[in-house]
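Q: Before anything else, here's the structure in question.
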Number of protein chains: 2
Amino acid sequence: MLNDFITQLQITEEELQDELRQNATITTHKKGDFIIKYDQYIKVLKIVLKGKVRVYQKNENREILIYYLGDMETCTLSLSACFEDCKSTVNAIAEENCTILNIPVRFVQDWNFKYKSWNTFTTNTFRESYNYLINQYSILAFQPLKDRLFDYLVSEASNLTVNKSHQQLAKELGTTREVISRLLKTLEKNNKLHLGQKEIQILDKS
Amino acid sequence: MLNDFITQLQITEEELQDELRQNATITTHKKGDFIIKYDQYIKVLKIVLKGKVRVYQKNENREILIYYLGDMETCTLSLSACFEDCKSTVNAIAEENCTILNIPVRFVQDWNFKYKSWNTFTTNTFRESYNYLINQYSILAFQPLKDRLFDYLVSEASNLTVNKSHQQLAKELGTTREVISRLLKTLEKNNKLHLGQKEIQILDKS
DNA sequence: CTAATGTTGTAACAAATGTCACAGGTAATA
DNA sequence: TATTACCTGTGACATTTGTTACAACATTAG
């Protein structure tokens, strides 16, 4: 699976390939396991080889999604931490069983100036994450929750269907279950979607 | 002034120093000038040598601050754009007369793997901006506006005083003037601060 | 000085969101 | 099957935030 990662990143330098094989470890985690805990020191760069990880921030009674990590995706926050000794400001939890590539921080920094492909990888990761986050930021600031919810459903749907509970959606959008239930009901009344048990069908994307 | 920048970034490579002198241009802008406009292609990395620039996103009737750039600070969004041909998703406006260093995108990318100090610079810029933004993101999601306003005033105050109009604060916090006026009045009634003309004095930081 | 512009205050109302409470349905599992 | 945990619906109400409208004061430019 490490080889898939090497291919995907177009790591052509054989030396770096070897370094990865020697120094990176692969761990597996069960659904529900914490991958990163708030306030914990980050000592490795985490890359999800297979599975799904939810990275989120927590309040007393609410949570908000920062991002999901899917196959071959890198936790930008742990990448950031590799360049500075710091604690995690987020939690990360396995939403499915997953396989994770762990690269100790000291390598991540060294490789950055040593291997072109690694440099490209880190830069792209930062750039994409930063642009994404800026976009989310102004959506959070300006869009009413009703719109954020609907847009989110559309973006998450496969075959116009989303299989998530209201509670899950609340955790992703930074609100509470009751609020989601209410908004979904309104959307259903407006014929935008159809509600089932842990299943939402989008009827009208516009 | 370019030399100050070189010193601050600890650019020891003489070759890079020369490249900067040859290829970077310095421009001056008056208060109120647009530095970057929404939807415009970004062709240079912008670094504020002197002055103050407000980078913000716009809605129909509201704005929200992304960040201020002060002396020797780099516009992370334009840095990001250097690695990918793209349009600006934000506006940037000079809040004071300012002097700006402009580095054409093609150099920014090349230098990243060519000069160690430049690599450190870009990485640090991304890392710091990303961490800052994540933090702001969850504050925006969870903190009521009243608290965000007060914390913002404390952070912006010098000598416990903030010289901004309610309109300015509204633009920074993503809301409207009336809302700010109302919240400030409440805070004043609770003896947290004292209101004057374009002047807010913080009385109780807690 | 005067006009124009910017600044602040505030009431009244609308809309959005959060909270509490409770009822009943569904799925998982011992 | 029975129990438990999860899931959904919903009313009632509180709080927060946005909108509209208007008045008065302060500052600045001409």
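Ordering of the structure tokens sets the chain letters (A, B, ...), residue numbers begin anew at 1 in every chain, and ligands are numbered from 1 in the order given.
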Find the residues in chain D near chain A: any atom within 9 Å counts, using only C-alpha atoms (C1' of nucleotides). Write them as a count of residues only.
A: 4
Q: Among chain B, which ones does DSSP assign to strand (DSSP E or B) (computed from the backbone)? Answer as a PyMOL selection string.
A: chain B and resi 25-29+34-36+41+44-50+53-58+63-69+73-74+87+91-94+98-104+158+161-162+193-196+199-202
Q: Can you list every residue in stretch 38-187 of chain A that DSSP puts in helix (DSSP H, G or I), as a PyMOL selection string?
A: chain A and resi 76-81+105-114+116-142+145-156+166-173+177-187
Q: Can I get the selected residues back with C-alpha atoms, as a PDB file, in the first residue's frame?
A:
```
ATOM      1  CA  THR A  76      -2.436  18.919   6.933  1.00  0.00           C
ATOM      2  CA  LEU A  77      -2.472  19.766  10.592  1.00  0.00           C
ATOM      3  CA  SER A  78      -0.010  17.044  11.412  1.00  0.00           C
ATOM      4  CA  LEU A  79       2.080  18.179   8.449  1.00  0.00           C
ATOM      5  CA  SER A  80       2.068  21.659   9.902  1.00  0.00           C
ATOM      6  CA  ALA A  81       3.106  20.300  13.264  1.00  0.00           C
ATOM      7  CA  VAL A 105       8.461  14.565  12.031  1.00  0.00           C
ATOM      8  CA  ARG A 106      12.223  14.845  11.680  1.00  0.00           C
ATOM      9  CA  PHE A 107      12.136  13.267   8.231  1.00  0.00           C
ATOM     10  CA  VAL A 108       9.309  15.359   6.933  1.00  0.00           C
ATOM     11  CA  GLN A 109      11.315  18.501   7.455  1.00  0.00           C
ATOM     12  CA  ASP A 110      14.601  17.164   6.100  1.00  0.00           C
ATOM     13  CA  TRP A 111      13.071  15.703   2.990  1.00  0.00           C
ATOM     14  CA  ASN A 112      11.403  18.972   2.194  1.00  0.00           C
ATOM     15  CA  PHE A 113      14.585  20.468   0.855  1.00  0.00           C
ATOM     16  CA  LYS A 114      16.224  17.247  -0.134  1.00  0.00           C
ATOM     17  CA  LYS A 116      11.853  17.629  -5.118  1.00  0.00           C
ATOM     18  CA  SER A 117       8.833  15.349  -5.126  1.00  0.00           C
ATOM     19  CA  TRP A 118       8.470  15.656  -1.370  1.00  0.00           C
ATOM     20  CA  ASN A 119       8.696  19.407  -1.605  1.00  0.00           C
ATOM     21  CA  THR A 120       5.940  19.417  -4.182  1.00  0.00           C
ATOM     22  CA  PHE A 121       3.850  17.173  -1.979  1.00  0.00           C
ATOM     23  CA  THR A 122       4.078  19.327   1.131  1.00  0.00           C
ATOM     24  CA  THR A 123       3.547  22.541  -0.773  1.00  0.00           C
ATOM     25  CA  ASN A 124       0.522  21.197  -2.581  1.00  0.00           C
ATOM     26  CA  THR A 125      -0.938  19.878   0.619  1.00  0.00           C
ATOM     27  CA  PHE A 126      -0.611  23.242   2.316  1.00  0.00           C
ATOM     28  CA  ARG A 127      -1.867  25.170  -0.651  1.00  0.00           C
ATOM     29  CA  GLU A 128      -4.934  23.048  -1.246  1.00  0.00           C
ATOM     30  CA  SER A 129      -5.848  22.896   2.414  1.00  0.00           C
ATOM     31  CA  TYR A 130      -5.409  26.595   2.875  1.00  0.00           C
ATOM     32  CA  ASN A 131      -7.555  27.500  -0.102  1.00  0.00           C
ATOM     33  CA  TYR A 132     -10.218  25.064   0.982  1.00  0.00           C
ATOM     34  CA  LEU A 133     -10.281  26.426   4.498  1.00  0.00           C
ATOM     35  CA  ILE A 134     -10.501  30.061   3.418  1.00  0.00           C
ATOM     36  CA  ASN A 135     -13.466  29.126   1.318  1.00  0.00           C
ATOM     37  CA  GLN A 136     -15.154  27.289   4.173  1.00  0.00           C
ATOM     38  CA  TYR A 137     -14.445  30.217   6.437  1.00  0.00           C
ATOM     39  CA  SER A 138     -16.449  32.702   4.473  1.00  0.00           C
ATOM     40  CA  ILE A 139     -19.210  30.177   3.895  1.00  0.00           C
ATOM     41  CA  LEU A 140     -19.405  29.745   7.647  1.00  0.00           C
ATOM     42  CA  ALA A 141     -19.468  33.498   8.124  1.00  0.00           C
ATOM     43  CA  PHE A 142     -22.076  34.363   5.528  1.00  0.00           C
ATOM     44  CA  LEU A 145     -27.206  27.133   8.122  1.00  0.00           C
ATOM     45  CA  LYS A 146     -30.073  25.994   5.924  1.00  0.00           C
ATOM     46  CA  ASP A 147     -27.996  26.635   2.818  1.00  0.00           C
ATOM     47  CA  ARG A 148     -24.834  25.212   4.308  1.00  0.00           C
ATOM     48  CA  LEU A 149     -26.728  22.058   5.177  1.00  0.00           C
ATOM     49  CA  PHE A 150     -28.228  21.623   1.744  1.00  0.00           C
ATOM     50  CA  ASP A 151     -24.982  22.338  -0.077  1.00  0.00           C
ATOM     51  CA  TYR A 152     -23.210  19.931   2.213  1.00  0.00           C
ATOM     52  CA  LEU A 153     -25.724  17.188   1.487  1.00  0.00           C
ATOM     53  CA  VAL A 154     -25.325  17.703  -2.240  1.00  0.00           C
ATOM     54  CA  SER A 155     -21.549  17.539  -1.917  1.00  0.00           C
ATOM     55  CA  GLU A 156     -21.646  14.401   0.204  1.00  0.00           C
ATOM     56  CA  HIS A 166     -29.103  13.973  11.895  1.00  0.00           C
ATOM     57  CA  GLN A 167     -26.677  13.784  14.780  1.00  0.00           C
ATOM     58  CA  GLN A 168     -23.777  13.137  12.440  1.00  0.00           C
ATOM     59  CA  LEU A 169     -24.739  16.062  10.245  1.00  0.00           C
ATOM     60  CA  ALA A 170     -24.980  18.266  13.317  1.00  0.00           C
ATOM     61  CA  LYS A 171     -21.434  17.311  14.287  1.00  0.00           C
ATOM     62  CA  GLU A 172     -20.180  18.101  10.830  1.00  0.00           C
ATOM     63  CA  LEU A 173     -21.871  21.462  10.545  1.00  0.00           C
ATOM     64  CA  ARG A 177     -29.356  17.563  16.233  1.00  0.00           C
ATOM     65  CA  GLU A 178     -32.695  19.312  16.775  1.00  0.00           C
ATOM     66  CA  VAL A 179     -31.698  22.166  14.521  1.00  0.00           C
ATOM     67  CA  ILE A 180     -30.729  19.784  11.741  1.00  0.00           C
ATOM     68  CA  SER A 181     -33.979  17.838  12.091  1.00  0.00           C
ATOM     69  CA  ARG A 182     -35.972  21.028  11.824  1.00  0.00           C
ATOM     70  CA  LEU A 183     -34.104  22.322   8.794  1.00  0.00           C
ATOM     71  CA  LEU A 184     -34.334  18.984   7.031  1.00  0.00           C
ATOM     72  CA  LYS A 185     -38.083  18.923   7.634  1.00  0.00           C
ATOM     73  CA  THR A 186     -38.402  22.356   6.053  1.00  0.00           C
ATOM     74  CA  LEU A 187     -36.335  21.263   3.073  1.00  0.00           C
TER      75      LEU A 187
END
```
Q: Do you know which residues are at most 10 Å from stretch 99-101 of chain A counting only C-alpha atoms (C1' of nucleotides), after dropping those on the same chain fewer than 4 positions away, and could you put them as a ChimeraX atom specification?
A: /A:1-2,5,20,24-30,35,44-53,71-74,94
Q: Compare B:Ile42, B:Gly70, B:Leu193, B:Ala157 by their minimum atom-to-atom distance to B:Asn97, counting only C-alpha atoms, and give me the closest one.
A: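 Of B:Ile42, B:Gly70, B:Leu193, B:Ala157, the one nearest B:Asn97 is B:Gly70, counting only C-alpha atoms.
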